[in-house]
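S.K.: Coordinates in input.txt, compact mmCIF, C-alpha atoms, are listed below.
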# COMPACT_ATOMS: atom_id res chain seq x y z
CA MET Z 1 -29.38 228.98 -132.18
CA ALA Z 2 -29.12 225.67 -134.02
CA ALA Z 3 -29.29 225.62 -137.78
CA PRO Z 4 -32.44 224.05 -139.24
CA PRO Z 5 -32.01 220.59 -140.78
CA LEU Z 6 -30.92 220.67 -144.40
CA HIS Z 7 -33.59 218.21 -145.45
CA ALA Z 8 -36.94 217.49 -143.90
CA PRO Z 9 -37.64 213.78 -143.38
CA ARG Z 10 -39.02 212.17 -146.51
CA LYS Z 11 -42.76 211.71 -146.51
CA LEU Z 12 -44.00 208.18 -147.09
CA LYS Z 13 -46.04 207.64 -150.24
CA LEU Z 14 -49.45 206.09 -149.58
CA ALA Z 15 -51.78 204.76 -152.26
CA THR Z 16 -55.14 203.00 -152.17
CA VAL Z 17 -57.17 200.93 -154.59
CA SER Z 18 -60.58 199.27 -154.53
CA LEU Z 19 -61.44 195.97 -156.23
CA ALA Z 20 -64.66 193.91 -155.86
CA GLY Z 21 -66.30 195.40 -152.80
CA CYS Z 22 -68.54 198.24 -151.71
CA PHE Z 23 -65.97 201.03 -151.18
CA GLY Z 24 -66.96 201.05 -147.50
CA CYS Z 25 -63.35 200.62 -146.37
CA HIS Z 26 -62.36 203.77 -148.26
CA MET Z 27 -65.26 205.64 -146.70
CA SER Z 28 -64.17 204.47 -143.25
CA PHE Z 29 -60.60 205.58 -144.02
CA LEU Z 30 -61.93 209.04 -144.88
CA ASP Z 31 -63.80 209.04 -141.55
CA ILE Z 32 -60.51 209.80 -139.79
CA ASP Z 33 -61.81 213.34 -140.41
CA GLU Z 34 -59.47 216.12 -139.21
CA ARG Z 35 -56.76 213.57 -138.43
CA ILE Z 36 -56.18 213.53 -142.19
CA LEU Z 37 -54.33 216.83 -141.64
CA GLN Z 38 -51.94 215.09 -139.24
CA LEU Z 39 -51.58 212.23 -141.71
CA VAL Z 40 -50.54 214.53 -144.58
CA GLU Z 41 -47.65 215.77 -142.44
CA HIS Z 42 -46.19 212.26 -142.78
CA VAL Z 43 -47.50 210.92 -146.09
CA GLU Z 44 -47.93 212.02 -149.65
CA PHE Z 45 -51.00 210.55 -151.30
CA ASP Z 46 -50.58 208.81 -154.61
CA ARG Z 47 -53.69 207.08 -156.04
CA SER Z 48 -56.45 207.51 -153.43
CA PRO Z 49 -59.92 209.01 -152.95
CA LEU Z 50 -58.12 212.29 -152.17
CA THR Z 51 -56.38 212.52 -155.55
CA ASP Z 52 -57.51 212.17 -159.11
CA LEU Z 53 -54.65 209.87 -160.04
CA LYS Z 54 -55.77 206.80 -162.00
CA THR Z 55 -52.47 204.95 -161.92
CA VAL Z 56 -50.16 204.24 -159.03
CA GLY Z 57 -46.49 205.08 -158.88
CA ALA Z 58 -43.97 203.51 -156.54
CA CYS Z 59 -45.27 203.82 -153.00
CA ASP Z 60 -44.31 202.85 -149.47
CA ILE Z 61 -47.75 201.79 -148.24
CA GLY Z 62 -50.58 200.40 -150.36
CA LEU Z 63 -54.05 199.92 -148.90
CA ILE Z 64 -56.27 197.64 -150.96
CA GLU Z 65 -59.90 196.81 -150.38
CA GLY Z 66 -62.12 194.33 -152.20
CA GLY Z 67 -61.68 190.82 -153.46
CA LEU Z 68 -61.03 189.43 -156.91
CA CYS Z 69 -64.11 188.72 -159.04
CA ASN Z 70 -62.80 189.39 -162.55
CA ALA Z 71 -59.63 189.39 -164.64
CA GLU Z 72 -59.29 193.17 -164.41
CA ASN Z 73 -59.21 192.93 -160.57
CA VAL Z 74 -56.32 190.45 -160.84
CA GLU Z 75 -54.41 192.72 -163.23
CA VAL Z 76 -54.92 195.80 -161.04
CA LEU Z 77 -53.87 193.83 -157.94
CA ARG Z 78 -50.65 192.56 -159.53
CA GLU Z 79 -49.70 196.05 -160.75
CA PHE Z 80 -50.50 197.53 -157.34
CA ARG Z 81 -48.46 194.88 -155.49
CA ALA Z 82 -45.49 195.55 -157.79
CA ALA Z 83 -45.66 199.27 -156.95
CA CYS Z 84 -46.02 198.90 -153.15
CA LYS Z 85 -43.25 198.21 -150.66
CA THR Z 86 -45.86 197.28 -148.04
CA LEU Z 87 -49.27 195.94 -149.06
CA VAL Z 88 -52.17 195.98 -146.61
CA ALA Z 89 -55.32 193.93 -147.26
CA VAL Z 90 -58.12 196.10 -145.87
CA GLY Z 91 -61.48 194.68 -144.86
CA ALA Z 92 -63.27 191.37 -145.15
CA CYS Z 93 -63.50 191.37 -148.96
CA ALA Z 94 -59.73 191.69 -149.45
CA ILE Z 95 -58.95 189.27 -146.62
CA ASN Z 96 -61.46 186.48 -147.31
CA GLY Z 97 -63.65 187.50 -150.27
CA GLY Z 98 -66.32 189.06 -148.04
CA LEU Z 99 -69.87 189.45 -149.22
CA PRO Z 100 -69.05 189.14 -152.96
CA ALA Z 101 -67.75 185.61 -152.25
CA GLN Z 102 -71.29 184.53 -151.36
CA ARG Z 103 -71.72 183.78 -155.06
CA ASN Z 104 -69.03 181.08 -154.76
CA ARG Z 105 -71.66 178.60 -153.58
CA LEU Z 106 -73.36 178.71 -156.99
CA PRO Z 107 -72.09 177.78 -160.46
CA LEU Z 108 -71.33 181.01 -162.35
CA ARG Z 109 -73.13 180.39 -165.68
CA PRO Z 110 -76.56 179.48 -164.20
CA LEU Z 111 -76.22 182.42 -161.81
CA LEU Z 112 -75.58 184.84 -164.68
CA GLU Z 113 -78.45 183.37 -166.70
CA SER Z 114 -80.84 183.90 -163.79
CA VAL Z 115 -79.72 187.53 -163.44
CA TYR Z 116 -79.77 188.19 -167.20
CA PRO Z 117 -82.74 186.18 -168.57
CA GLN Z 118 -82.59 188.10 -171.88
CA GLY Z 119 -78.97 187.01 -172.42
CA VAL Z 120 -75.73 187.32 -170.53
CA PRO Z 121 -73.76 190.38 -171.71
CA ASP Z 122 -70.61 189.42 -173.57
CA ASP Z 123 -69.25 192.78 -174.67
CA PRO Z 124 -65.44 192.64 -175.00
CA GLU Z 125 -65.27 195.83 -172.90
CA LEU Z 126 -66.58 193.89 -169.87
CA PRO Z 127 -63.90 192.23 -167.75
CA LEU Z 128 -63.92 188.43 -167.77
CA LEU Z 129 -65.58 187.12 -164.60
CA LEU Z 130 -63.71 184.57 -162.52
CA ASN Z 131 -65.59 181.39 -161.57
CA HIS Z 132 -65.12 182.30 -157.90
CA VAL Z 133 -64.36 185.44 -155.89
CA HIS Z 134 -60.93 185.19 -154.28
CA PRO Z 135 -59.18 187.01 -151.44
CA ILE Z 136 -56.09 188.89 -152.57
CA HIS Z 137 -53.58 186.73 -150.68
CA GLU Z 138 -54.35 183.88 -153.10
CA VAL Z 139 -52.69 185.91 -155.89
CA VAL Z 140 -50.06 188.16 -154.26
CA HIS Z 141 -48.08 188.41 -151.04
CA VAL Z 142 -49.84 190.52 -148.40
CA ASP Z 143 -47.71 192.13 -145.69
CA TYR Z 144 -50.49 193.08 -143.27
CA SER Z 145 -54.24 192.70 -142.89
CA LEU Z 146 -56.57 195.28 -141.40
CA PRO Z 147 -59.75 193.32 -140.62
CA GLY Z 148 -63.29 194.61 -140.33
CA CYS Z 149 -66.30 195.22 -142.45
CA PRO Z 150 -65.28 197.94 -142.66
CA PRO Z 151 -62.41 198.66 -140.26
CA SER Z 152 -63.29 201.70 -138.15
CA ALA Z 153 -61.65 205.08 -138.68
CA ASP Z 154 -59.91 204.61 -135.31
CA ALA Z 155 -58.57 201.23 -136.45
CA PHE Z 156 -57.20 202.86 -139.63
CA TRP Z 157 -55.62 205.61 -137.58
CA GLN Z 158 -53.98 203.24 -135.08
CA PHE Z 159 -52.81 200.92 -137.85
CA LEU Z 160 -51.26 203.70 -139.94
CA THR Z 161 -49.62 205.51 -137.02
CA ASP Z 162 -48.01 202.22 -135.92
CA LEU Z 163 -46.86 201.46 -139.46
CA MET Z 164 -45.45 204.98 -140.01
CA ALA Z 165 -43.59 204.77 -136.69
CA GLY Z 166 -41.95 201.51 -137.80
CA ARG Z 167 -43.94 199.40 -135.34
CA THR Z 168 -45.85 196.23 -136.15
CA PRO Z 169 -49.48 197.40 -136.19
CA ARG Z 170 -51.54 196.11 -133.26
CA LEU Z 171 -55.22 196.75 -132.86
CA GLY Z 172 -56.30 196.66 -129.25
CA HIS Z 173 -59.67 195.76 -127.79
CA GLY Z 174 -62.49 197.85 -129.18
CA LEU Z 175 -60.88 198.67 -132.54
CA LEU Z 176 -62.16 195.65 -134.45
CA HIS Z 177 -65.77 195.71 -135.61
CA TYR Z 178 -67.73 193.52 -137.99
CA ASP Z 179 -70.97 195.49 -138.39
Would you mind giving the structure from this file in structure tokens?
M.R.:
Amino acid sequence: MAAPPLHAPRKLKLATVSLAGCFGCHMSFLDIDERILQLVEHVEFDRSPLTDLKTVGACDIGLIEGGLCNAENVEVLREFRAACKTLVAVGACAINGGLPAQRNRLPLRPLLESVYPQGVPDDPELPLLLNHVHPIHEVVHVDYSLPGCPPSADAFWQFLTDLMAGRTPRLGHGLLHYD
């Protein structure tokens, strides 16, 4: 009988973060349902909807959804990129600004004044809004993109299993949806 291995293979660390978006990509990720049990055999979750961690440590794979609409988003993105070996832009908002970027067609100040006719809030606790919503690749290097609005649970699963196996992720016909 062979001796068991001295060390089990190291689990990859996976973290997620959400910026300016609807959190739909995270919900779709969680829709992998019972496959999450297979996933935890290979990954350890850092910051994610499955943990209560508010900061991110060094991680192998970082999934980020949402675009950049304020200074705090930019700060969080830069910190997240620095902590992640592989950064994945998830969904339309992270990849191209998505629905939040619809405000880019209008000048910011008149837009805010129309939304806040009694006066635009200027509390120092509020993050400074950017003049335009930006996709994340305009600020940091992105290693992979997982398109969709949101990407389906099956697309997440295929993407992550390819990435964990050391393969370049490829999403075949039927896995990309823009609902």
S.K.: At a cut-off of 10 Å, using all atoms listed in the file, what residues contact region 150-159 of chain Z? Leave out same-chain residues fewer than 3 positions from it and give the result as JSON, numbers by chain.
M.R.: {"Z": [22, 23, 24, 25, 26, 27, 28, 29, 30, 31, 32, 33, 35, 36, 39, 65, 90, 91, 92, 93, 144, 145, 146, 147, 162, 163, 164, 167, 168, 169, 170, 171, 172, 174, 175, 176, 177, 178, 179]}
S.K.: Could you pull the residues within 9 Å of His137 (chain Z), counting all atoms listed in the file, minus those fewer than 3 positions along the same chain, as a PyMOL selection string?
M.R.: chain Z and resi 89+94-96+134+140-142
S.K.: Kindly save the residues from that selection, with C-alpha atoms included, as a PDB file, keeping the file's coordinate frame.
M.R.:
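As written to disk, out05.pdb reads:
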ATOM      1  CA  ALA Z  89     -55.320 193.930-147.260  1.00  0.00           C
ATOM      2  CA  ALA Z  94     -59.730 191.690-149.450  1.00  0.00           C
ATOM      3  CA  ILE Z  95     -58.950 189.270-146.620  1.00  0.00           C
ATOM      4  CA  ASN Z  96     -61.460 186.480-147.310  1.00  0.00           C
ATOM      5  CA  HIS Z 134     -60.930 185.190-154.280  1.00  0.00           C
ATOM      6  CA  VAL Z 140     -50.060 188.160-154.260  1.00  0.00           C
ATOM      7  CA  HIS Z 141     -48.080 188.410-151.040  1.00  0.00           C
ATOM      8  CA  VAL Z 142     -49.840 190.520-148.400  1.00  0.00           C
TER       9      VAL Z 142
END
S.K.: How many Å separate CA of Asn131 (chain Z) from CA of Thr86 (chain Z)?
M.R.: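 If I compute the distance from CA of Asn131 (chain Z) to CA of Thr86 (chain Z), I get 28.7 Å.
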S.K.: Of the residues Z:Leu160, Z:Leu19, Z:Leu99, Z:Ala165, which is the one nearest to Glu75 (chain Z), using all atoms listed in the file?
M.R.: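 Selected residue with least distance to Glu75 (chain Z): Z:Leu19.
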S.K.: Is it possible to get the axis-aligned box enclosing region 39-52 of chain Z (all listed atoms, 5 Å extra per side) as lines of an AutoDock Vina configuration file, with centre and edge lengths in Å rounded to one decimal?
M.R.:
center_x = -53.1
center_y = 211.4
center_z = -150.4
size_x = 23.7
size_y = 18.7
size_z = 27.4
S.K.: The residues within 8 Å of (-67.1, 185.8, -156.4), using only C-alpha atoms and the coordinates of the file, should be reported as a count of residues only; which are they?
M.R.: 14
S.K.: Which residue gives the smallest distance to Arg81 (chain Z) among Z:Val139, Z:Glu113, Z:Cys149, Z:Arg105, with all atoms listed in the file counted?
M.R.: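 Among the listed residues, Z:Val139 lies closest to Arg81 (chain Z).
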S.K.: Take CA of Ser18 (chain Z) and CA of Glu44 (chain Z) and report the distance between them in Å, one decimal.
M.R.: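 Going from CA of Ser18 (chain Z) over to CA of Glu44 (chain Z) covers 18.6 Å.
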S.K.: Using only C-alpha atoms, can you tell me which of Z:Asp143, Z:Val56, Z:Leu108, Z:Gln38 comes closest to Val120 (chain Z)?
M.R.: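 Result for the nearest residue to Val120 (chain Z): Z:Leu108.
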S.K.: To one decimal place in Å, what is the distance between CA of Leu112 (chain Z) and CA of Leu128 (chain Z)?
M.R.: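 If I compute the distance from CA of Leu112 (chain Z) to CA of Leu128 (chain Z), I get 12.6 Å.
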S.K.: Name the closest residue to Leu14 (chain Z) among the candidates Z:Gly62, Z:Pro124, Z:Gly119, Z:Gly57; distances are taken between atoms, counting only C-alpha atoms.
M.R.: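 Checking each candidate against Leu14 (chain Z), we get Z:Gly62 as the closest.
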S.K.: Between Z:Ile61, Z:Val40, Z:Ala71, Z:Leu111, which one has atoms that come closest to Leu87 (chain Z), using all atoms listed in the file?
M.R.: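 Using all atoms listed in the file, the shortest distance to Leu87 (chain Z) belongs to Z:Ile61.
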S.K.: Using all atoms listed in the file, which of the listed residues (Z:Asp122, Z:Asn73, Z:Leu12, Z:Ala58) sits closest to Gly166 (chain Z)?
M.R.: Z:Leu12
